[in-house]
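Have a look at structure_0.txt; it's compact mmCIF, C-alpha atoms:
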```
# COMPACT_ATOMS: atom_id res chain seq x y z
CA MET A 173 -13.63 -6.05 21.23
CA LYS A 174 -16.00 -3.37 22.42
CA ALA A 175 -17.66 -1.09 19.86
CA PHE A 176 -20.62 1.26 19.57
CA ILE A 177 -23.09 0.05 16.98
CA LEU A 178 -26.10 1.68 15.35
CA GLN A 179 -29.08 -0.40 14.20
CA GLU A 180 -31.11 2.59 13.03
CA ALA A 181 -30.84 6.37 12.94
CA GLY A 182 -32.27 8.45 15.73
CA SER A 183 -31.39 9.90 19.12
CA VAL A 184 -28.11 9.24 20.91
CA ASP A 185 -29.83 6.34 22.69
CA LYS A 186 -29.56 4.45 19.39
CA LEU A 187 -25.79 4.21 19.95
CA MET A 188 -25.40 0.87 21.73
CA THR A 189 -22.32 -0.83 23.14
CA SER A 190 -21.65 -4.30 21.80
CA GLU A 191 -19.00 -7.01 21.77
CA VAL A 192 -17.98 -7.58 18.15
CA GLU A 193 -15.22 -9.50 16.40
CA THR A 194 -11.85 -7.77 16.13
CA PRO A 195 -11.28 -6.92 12.44
CA ILE A 196 -9.17 -9.22 10.30
CA ILE A 197 -6.90 -7.03 8.19
CA LYS A 198 -6.25 -7.34 4.48
CA SER A 199 -2.78 -7.38 2.95
CA ASP A 200 -2.70 -3.58 2.52
CA GLU A 201 -4.25 -2.72 5.89
CA VAL A 202 -3.09 -1.90 9.40
CA LEU A 203 -4.82 -2.95 12.63
CA VAL A 204 -4.80 -0.04 15.06
CA LYS A 205 -5.42 -0.28 18.80
CA VAL A 206 -7.37 2.95 19.19
CA VAL A 207 -6.40 5.47 21.85
CA ALA A 208 -8.57 8.40 20.77
CA ILE A 209 -11.29 9.23 18.27
CA SER A 210 -12.94 12.52 17.38
CA ILE A 211 -16.59 13.31 16.82
CA ASN A 212 -17.41 15.28 13.68
CA PRO A 213 -20.67 16.88 12.57
CA VAL A 214 -21.04 14.19 9.89
CA ASP A 215 -21.03 11.56 12.67
CA VAL A 216 -23.93 13.30 14.35
CA LYS A 217 -25.86 13.81 11.10
CA ALA A 218 -25.45 10.15 10.12
CA ARG A 219 -26.56 8.98 13.55
CA ALA A 220 -29.64 11.21 13.55
CA ASN A 221 -30.83 10.99 9.94
CA GLU A 222 -31.75 7.74 8.21
CA GLY A 223 -31.31 9.29 4.76
CA ILE A 224 -27.73 10.36 5.51
CA LEU A 225 -27.02 7.00 7.16
CA ASP A 226 -28.22 5.21 4.01
CA TRP A 227 -26.25 7.60 1.78
CA ILE A 228 -23.00 6.74 3.53
CA PHE A 229 -23.49 3.10 4.52
CA GLY A 230 -26.26 1.76 2.30
CA LYS A 231 -28.84 -0.48 3.93
CA ASN A 232 -26.41 -2.68 5.85
CA ARG A 233 -27.06 -2.73 9.60
CA PRO A 234 -25.74 -2.50 12.18
CA VAL A 235 -23.05 0.05 11.39
CA ILE A 236 -20.11 1.36 13.38
CA LEU A 237 -19.82 5.13 12.98
CA GLY A 238 -16.71 7.27 12.94
CA TRP A 239 -13.66 7.97 10.78
CA ASP A 240 -11.03 9.73 12.92
CA ILE A 241 -8.59 7.59 14.89
CA SER A 242 -5.26 7.87 16.65
CA GLY A 243 -3.61 4.88 18.21
CA ILE A 244 -0.92 2.21 18.14
CA VAL A 245 -0.25 -0.24 15.31
CA SER A 246 -1.08 -3.75 16.52
CA GLU A 247 -0.63 -5.66 13.26
CA THR A 248 0.27 -4.97 9.64
CA GLY A 249 -0.75 -6.66 6.40
CA ILE A 250 1.91 -8.49 4.41
CA ASN A 251 2.11 -5.73 1.79
CA VAL A 252 2.48 -2.88 4.31
CA LYS A 253 6.06 -1.64 4.41
CA ASN A 254 5.85 1.81 6.04
CA PHE A 255 4.40 0.82 9.43
CA LYS A 256 5.31 -1.74 12.08
CA PRO A 257 3.70 -2.89 15.33
CA GLY A 258 4.19 -0.31 18.05
CA ASP A 259 4.11 2.70 15.71
CA GLU A 260 1.88 5.56 16.82
CA VAL A 261 -0.37 6.58 13.93
CA PHE A 262 -3.40 8.71 13.18
CA GLY A 263 -5.69 9.35 10.25
CA MET A 264 -9.13 9.56 8.69
CA VAL A 265 -10.21 6.05 7.75
CA ASN A 266 -12.24 5.25 4.62
CA PHE A 267 -13.98 8.56 4.15
CA PHE A 268 -16.33 8.74 2.26
CA GLY A 269 -17.28 5.21 3.32
CA ASN A 270 -17.18 2.89 6.30
CA GLY A 271 -14.47 3.87 8.79
CA LYS A 272 -15.76 1.90 11.80
CA ALA A 273 -13.87 4.15 14.22
CA TYR A 274 -16.09 3.76 17.30
CA ALA A 275 -14.24 0.63 18.39
CA GLU A 276 -11.25 -0.57 20.37
CA TYR A 277 -9.55 -1.80 17.19
CA VAL A 278 -9.86 -0.43 13.66
CA ALA A 279 -8.65 -1.92 10.38
CA SER A 280 -7.43 0.90 8.15
CA PRO A 281 -5.84 1.04 4.71
CA ALA A 282 -2.19 1.92 5.31
CA THR A 283 -2.60 4.80 2.87
CA HIS A 284 -5.11 6.50 5.18
CA LEU A 285 -2.68 6.77 8.09
CA THR A 286 0.49 8.63 8.94
CA LEU A 287 2.92 8.54 11.85
CA LYS A 288 1.90 10.68 14.81
CA PRO A 289 4.54 13.30 15.61
CA GLY A 290 6.09 12.87 19.04
CA ASN A 291 5.30 16.43 20.09
CA VAL A 292 1.51 15.93 20.06
CA THR A 293 -0.78 13.63 22.03
CA HIS A 294 -3.14 11.11 20.49
CA GLN A 295 -5.98 13.46 21.41
CA GLN A 296 -4.36 16.39 19.61
CA ALA A 297 -3.56 14.26 16.57
CA VAL A 298 -7.05 12.86 16.22
CA ALA A 299 -8.50 16.36 16.62
CA THR A 300 -6.93 17.23 13.27
CA SER A 301 -7.69 14.15 11.16
CA MET A 302 -10.89 15.02 9.29
CA VAL A 303 -11.07 18.74 9.98
CA ALA A 304 -7.48 19.60 9.08
CA SER A 305 -7.71 17.32 6.04
CA THR A 306 -10.84 19.18 4.97
CA ALA A 307 -9.26 22.59 5.48
CA TYR A 308 -6.02 21.57 3.77
CA GLN A 309 -7.64 20.00 0.72
CA ALA A 310 -10.11 22.88 0.34
CA LEU A 311 -7.48 25.61 0.63
CA VAL A 312 -4.47 23.96 -1.00
CA ASP A 313 -5.88 21.56 -3.59
CA VAL A 314 -9.14 23.25 -4.56
CA ALA A 315 -8.78 26.99 -3.92
CA GLN A 316 -4.98 26.96 -4.39
CA VAL A 317 -4.33 29.73 -1.87
CA ARG A 318 -1.24 31.78 -2.63
CA LYS A 319 0.81 34.24 -0.61
CA GLY A 320 -0.95 37.59 -0.47
CA ASP A 321 -4.45 36.23 -1.10
CA ASN A 322 -7.32 37.62 0.95
CA VAL A 323 -9.19 34.65 2.44
CA LEU A 324 -12.56 34.87 4.21
CA ILE A 325 -13.42 31.92 6.46
CA HIS A 326 -17.03 31.55 7.59
CA GLY A 327 -17.65 29.69 10.84
CA ALA A 328 -14.01 30.09 11.76
CA SER A 329 -14.25 28.94 15.37
CA GLY A 330 -15.45 25.44 14.48
CA GLY A 331 -13.40 22.32 13.85
CA VAL A 332 -12.60 22.96 10.20
CA GLY A 333 -12.64 26.74 10.61
CA HIS A 334 -10.04 27.17 13.33
CA LEU A 335 -7.58 24.93 11.49
CA ALA A 336 -8.34 26.62 8.17
CA VAL A 337 -7.35 29.93 9.76
CA GLN A 338 -3.99 28.49 10.73
CA ILE A 339 -3.37 26.78 7.40
CA ALA A 340 -4.36 29.83 5.33
CA LYS A 341 -2.09 32.02 7.46
CA HIS A 342 0.75 29.54 6.98
CA LEU A 343 0.23 29.79 3.22
CA GLY A 344 0.76 33.56 3.42
CA ALA A 345 -2.84 34.73 3.16
CA TYR A 346 -4.51 37.68 4.85
CA VAL A 347 -7.20 35.90 6.86
CA ILE A 348 -10.62 37.31 7.73
CA ALA A 349 -12.48 35.11 10.23
CA THR A 350 -16.18 35.22 11.12
CA SER A 351 -17.75 34.06 14.37
CA SER A 352 -19.70 35.51 17.26
CA ALA A 353 -17.94 38.11 19.44
CA LYS A 354 -17.08 35.66 22.23
CA ASN A 355 -14.61 33.85 19.95
CA LYS A 356 -12.84 36.94 18.64
CA GLU A 357 -9.71 36.64 20.78
CA PHE A 358 -9.56 32.90 20.17
CA LEU A 359 -9.44 33.43 16.41
CA LEU A 360 -6.97 36.31 16.55
CA ASN A 361 -4.74 34.04 18.63
CA MET A 362 -5.13 31.37 15.95
CA GLY A 363 -3.65 33.81 13.44
CA ALA A 364 -6.62 35.62 11.94
CA ASP A 365 -5.76 39.14 10.76
CA LYS A 366 -9.32 40.41 11.10
CA HIS A 367 -12.43 39.24 12.94
CA ILE A 368 -16.03 39.97 12.05
CA ASP A 369 -18.90 39.34 14.45
CA TYR A 370 -21.61 38.00 12.15
CA THR A 371 -24.27 38.72 14.78
CA GLN A 372 -23.55 42.46 14.67
CA GLU A 373 -22.39 43.13 11.11
CA LYS A 374 -23.55 42.09 7.67
CA ILE A 375 -20.46 40.41 6.32
CA GLU A 376 -21.41 41.05 2.71
CA GLU A 377 -21.44 44.80 3.43
CA VAL A 378 -18.08 45.03 5.22
CA VAL A 379 -16.06 42.50 3.22
CA LYS A 380 -15.58 43.04 -0.50
CA ASP A 381 -13.38 41.62 -3.26
CA VAL A 382 -11.71 38.79 -1.37
CA ASP A 383 -9.89 36.21 -3.45
CA ILE A 384 -11.16 33.10 -1.70
CA ILE A 385 -14.04 32.21 0.62
CA LEU A 386 -14.20 29.01 2.64
CA ASP A 387 -17.79 28.45 3.73
CA THR A 388 -18.39 26.03 6.59
CA VAL A 389 -21.87 27.36 7.37
CA GLY A 390 -24.01 27.17 4.22
CA GLY A 391 -27.53 28.53 3.76
CA GLU A 392 -27.87 32.31 3.82
CA THR A 393 -24.17 32.71 4.60
CA LEU A 394 -23.29 30.99 1.34
CA MET A 395 -25.89 33.00 -0.59
CA ASN A 396 -24.46 36.29 0.70
CA SER A 397 -20.88 35.25 -0.02
CA ILE A 398 -21.32 36.16 -3.68
CA HIS A 399 -21.29 39.83 -2.62
CA SER A 400 -17.92 39.48 -0.85
CA ILE A 401 -15.99 37.59 -3.51
CA LYS A 402 -14.11 39.35 -6.29
CA ASP A 403 -14.78 38.62 -9.93
CA SER A 404 -12.96 35.40 -10.87
CA GLY A 405 -12.56 34.48 -7.19
CA VAL A 406 -13.17 31.06 -5.62
CA ILE A 407 -15.85 30.01 -3.13
CA VAL A 408 -15.48 26.56 -1.59
CA THR A 409 -18.55 25.42 0.33
CA LEU A 410 -18.54 22.38 2.61
CA PRO A 411 -21.99 21.82 4.22
CA SER A 412 -24.14 20.69 1.28
CA PRO A 413 -23.83 19.79 -2.42
CA GLU A 414 -27.24 21.38 -3.02
CA ILE A 415 -26.33 24.87 -4.24
CA PRO A 416 -29.26 27.05 -5.35
CA GLN A 417 -29.42 27.49 -9.11
CA GLU A 418 -29.72 31.28 -8.85
CA LEU A 419 -26.46 31.40 -6.90
CA LEU A 420 -24.70 29.26 -9.49
CA GLU A 421 -25.93 31.61 -12.21
CA GLU A 422 -24.79 34.71 -10.31
CA ALA A 423 -21.38 33.13 -9.72
CA SER A 424 -21.09 32.32 -13.41
CA LYS A 425 -21.80 35.94 -14.36
CA LYS A 426 -18.96 37.09 -12.09
CA GLY A 427 -16.60 34.39 -13.32
CA VAL A 428 -16.54 32.98 -9.79
CA LYS A 429 -15.73 29.34 -9.22
CA LEU A 430 -18.35 28.04 -6.76
CA ILE A 431 -17.42 24.55 -5.65
CA PHE A 432 -18.91 22.09 -3.20
CA TYR A 433 -16.11 19.99 -1.75
CA MET A 434 -16.08 16.81 0.30
CA VAL A 435 -12.86 15.67 1.94
CA GLU A 436 -11.39 12.29 1.04
CA SER A 437 -8.92 10.00 2.79
CA ARG A 438 -5.49 10.55 1.22
CA LYS A 439 -1.99 9.74 2.43
CA ASP A 440 -0.43 12.90 0.99
CA THR A 441 -2.85 15.02 2.99
CA MET A 442 -2.25 13.13 6.25
CA ASP A 443 1.52 13.38 5.74
CA ALA A 444 1.17 17.14 5.23
CA ILE A 445 -0.95 17.50 8.40
CA ALA A 446 1.61 15.50 10.39
CA SER A 447 4.37 17.80 9.14
CA LEU A 448 2.40 20.90 10.14
CA LEU A 449 1.76 19.43 13.60
CA LYS A 450 5.43 18.54 14.03
CA LYS A 451 6.48 22.11 13.12
CA GLY A 452 3.86 23.63 15.41
CA VAL A 453 2.17 25.38 12.49
CA VAL A 454 -1.15 23.73 13.28
CA LYS A 455 -2.38 23.56 16.87
CA PRO A 456 -5.83 21.99 17.30
CA HIS A 457 -8.05 23.30 20.06
CA ILE A 458 -9.75 20.55 22.07
CA TYR A 459 -13.03 21.90 23.41
CA LYS A 460 -13.98 18.90 25.53
CA THR A 461 -12.81 15.34 26.06
CA PHE A 462 -15.09 12.41 26.85
CA SER A 463 -14.49 8.76 27.75
CA PHE A 464 -15.52 6.00 25.34
CA GLU A 465 -18.50 5.20 27.57
CA GLU A 466 -19.60 8.85 27.24
CA ILE A 467 -19.78 8.83 23.45
CA ARG A 468 -23.48 9.70 23.54
CA GLU A 469 -22.69 12.82 25.59
CA ALA A 470 -19.98 13.68 23.07
CA HIS A 471 -22.58 13.52 20.28
CA LEU A 472 -24.91 15.79 22.23
CA GLU A 473 -22.07 18.30 22.68
CA VAL A 474 -21.36 18.42 18.94
CA GLU A 475 -25.09 18.65 18.27
CA THR A 476 -25.27 22.01 20.06
CA ASN A 477 -23.36 23.61 17.14
CA ARG A 478 -21.51 25.68 19.73
CA VAL A 479 -18.27 23.73 19.85
CA VAL A 480 -15.12 25.80 19.59
CA GLY A 481 -12.54 23.54 18.01
CA LYS A 482 -13.01 19.81 18.52
CA VAL A 483 -14.69 17.20 20.71
CA VAL A 484 -12.47 14.17 21.38
CA VAL A 485 -13.16 10.76 22.89
CA THR A 486 -10.46 8.77 24.69
CA ILE A 487 -10.71 4.99 24.81
```
Can I see the file as structure tokens?
Amino acid sequence: MKAFILQEAGSVDKLMTSEVETPIIKSDEVLVKVVAISINPVDVKARANEGILDWIFGKNRPVILGWDISGIVSETGINVKNFKPGDEVFGMVNFFGNGKAYAEYVASPATHLTLKPGNVTHQQAVATSMVASTAYQALVDVAQVRKGDNVLIHGASGGVGHLAVQIAKHLGAYVIATSSAKNKEFLLNMGADKHIDYTQEKIEEVVKDVDIILDTVGGETLMNSIHSIKDSGVIVTLPSPEIPQELLEEASKKGVKLIFYMVESRKDTMDAIASLLKKGVVKPHIYKTFSFEEIREAHLEVETNRVVGKVVVTI
């Protein structure tokens, strides 16, 4: 089969096409003929940075990047009972670990996949896999958003952000979304109750005493979030586990839970995302679509940090 392999971190030119062996599945795995994959910021960071590549994959080379797939079941392991050949499935494979998604066929644990609803395309399904899982786990499992909560979402026009807006709204929250002015209408259409242009206003001055903050930006945005959260509120940050000690101390004084969270592949999450897609509660926005041969261009697009929604690759 054809796959994109990476021998070492670096520019997009390091992504090389190669003919590799089609995976042999284990008893609890499913072989998926891939129709679409999505490119996430972690893909780009791993490709560009040797330290991150080693952190995820160890020293084994070459590696096949990627975690998000949508496609058709080609084969099932002998212990797999909930899928059969011909089923259309999607999911986030082996995260945090080796998903090997940049390939024509992917071997996935059955527990990392769910059936694709008939009302969405493979491209739409794959556009939700990692980002909707991240938003769902952060808001539902970690922050435990309840009806009537005030939720502030930083970087709301991005992959995780635009789905977090929809999920938080579905949970009954009042949603405040931050982005630049050009994405205001987009986010209001996604369900945000209020938009703040971070380029024109200091968020920490205009937003006070929210119950929950979902931070997809990090850095100074995370530091300033302590001024917007209420005492005993919850801040979930996604970009980096390295939280400054002074911020942790300030959060402790306010009784604020400040949590770094990394998404993990879980069947219950994928089943919940599939249900939300089927009901039309979650509608991913596909910013651009590329062919498999254009995967380098897809990486460059994500690398701009200007993507609204998701970048998808069709095989």
Using all atoms listed in the file, determine which residues lie at most 9 Å from segment 255-262 of chain A, disregarding the query and same-chain residues fewer than 3 positions distant; provide the list as a list in words. Val202, Leu203, Val204, Asp240, Ile241, Ser242, Gly243, Ile244, Val245, Ser246, Glu247, Thr248, Val252, Ala282, His284, Leu285, Thr286, Leu287, Lys288, Pro289, Gly290, His294, Ala297, Val298, Ser301, Met442 and Ala446 of chain A
Quick one: residues within 12 Å of Ala470 of chain A, all atoms listed in the file, excluding same-chain residues fewer than 2 positions away - as a ChimeraX atom specification? /A:184,187,209-213,215-216,459-468,472-476,479,482-486
Residue with smallest distance to Gly249 of chain A - pool A:Ile196, A:Val278, A:Val347, A:Ala218, counting all atoms listed in the file: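 Selected residue with least distance to Gly249 of chain A: A:Ile196.
Using only C-alpha atoms, the nearest neighbour of Trp239 of chain A within the list A:Gly269, A:Gly333, A:Gly223, A:Gly391 is A:Gly269.
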Pull the neighbourhood of (-18.3, 23.6, 5.2) for me: all residues within 12 Å in file coordinates, counting only C-alpha atoms, as a ChimeraX atom specification. /A:212-214,303,306-307,310-311,325-328,330-333,336,385-391,393-394,407-413,431-435
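Counting only C-alpha atoms, Ile228 of chain A has the following residues at most 8 Å away, ignoring those fewer than 2 positions along the same chain: Ala218, Ile224, Leu225, Asp226, Gly230, Phe268, Gly269 and Asn270 of chain A.
Counting from atom CA of Glu376 of chain A, the distance to atom CA of Lys354 of chain A is 20.7 Å.
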Distance atom CA of Lys205 of chain A-atom CA of Met302 of chain A, one decimal place? 18.8 Å
Which residue out of A:Lys217, A:Lys198, A:Lys380, A:Lys253 has the minimum interatomic distance to Gly238 of chain A when only C-alpha atoms are used?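 Between A:Lys217, A:Lys198, A:Lys380, A:Lys253, the residue approaching Gly238 of chain A most closely is A:Lys217.
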Would you mind telling me which residue in A:Gly427, A:Pro281, A:Gly452, A:Gly320 lies nearest to Asn254 of chain A when using all atoms listed in the file? A:Pro281
Taking (-5.2, 41.7, 4.9) in the file's coordinates as the center, which residues reach within 7 Å of it, counting all atoms listed in the file, put as number ranges by chain? A: 322, 346-347, 365
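The shell of residues at most 8 Å from Leu237 of chain A, with all atoms listed in the file counted and near chain neighbours (fewer than 6 positions) removed, consists of Phe176, Ile177, Leu178, Asp215, Arg219, Asn270, Gly271, Lys272, Ala273 and Tyr274 of chain A.
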Separation of atom CA of Met264 of chain A from atom CA of Ser437 of chain A, in Å and rounded to one decimal: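 Computing the Euclidean distance for atom CA of Met264 of chain A and atom CA of Ser437 of chain A yields 5.9 Å.
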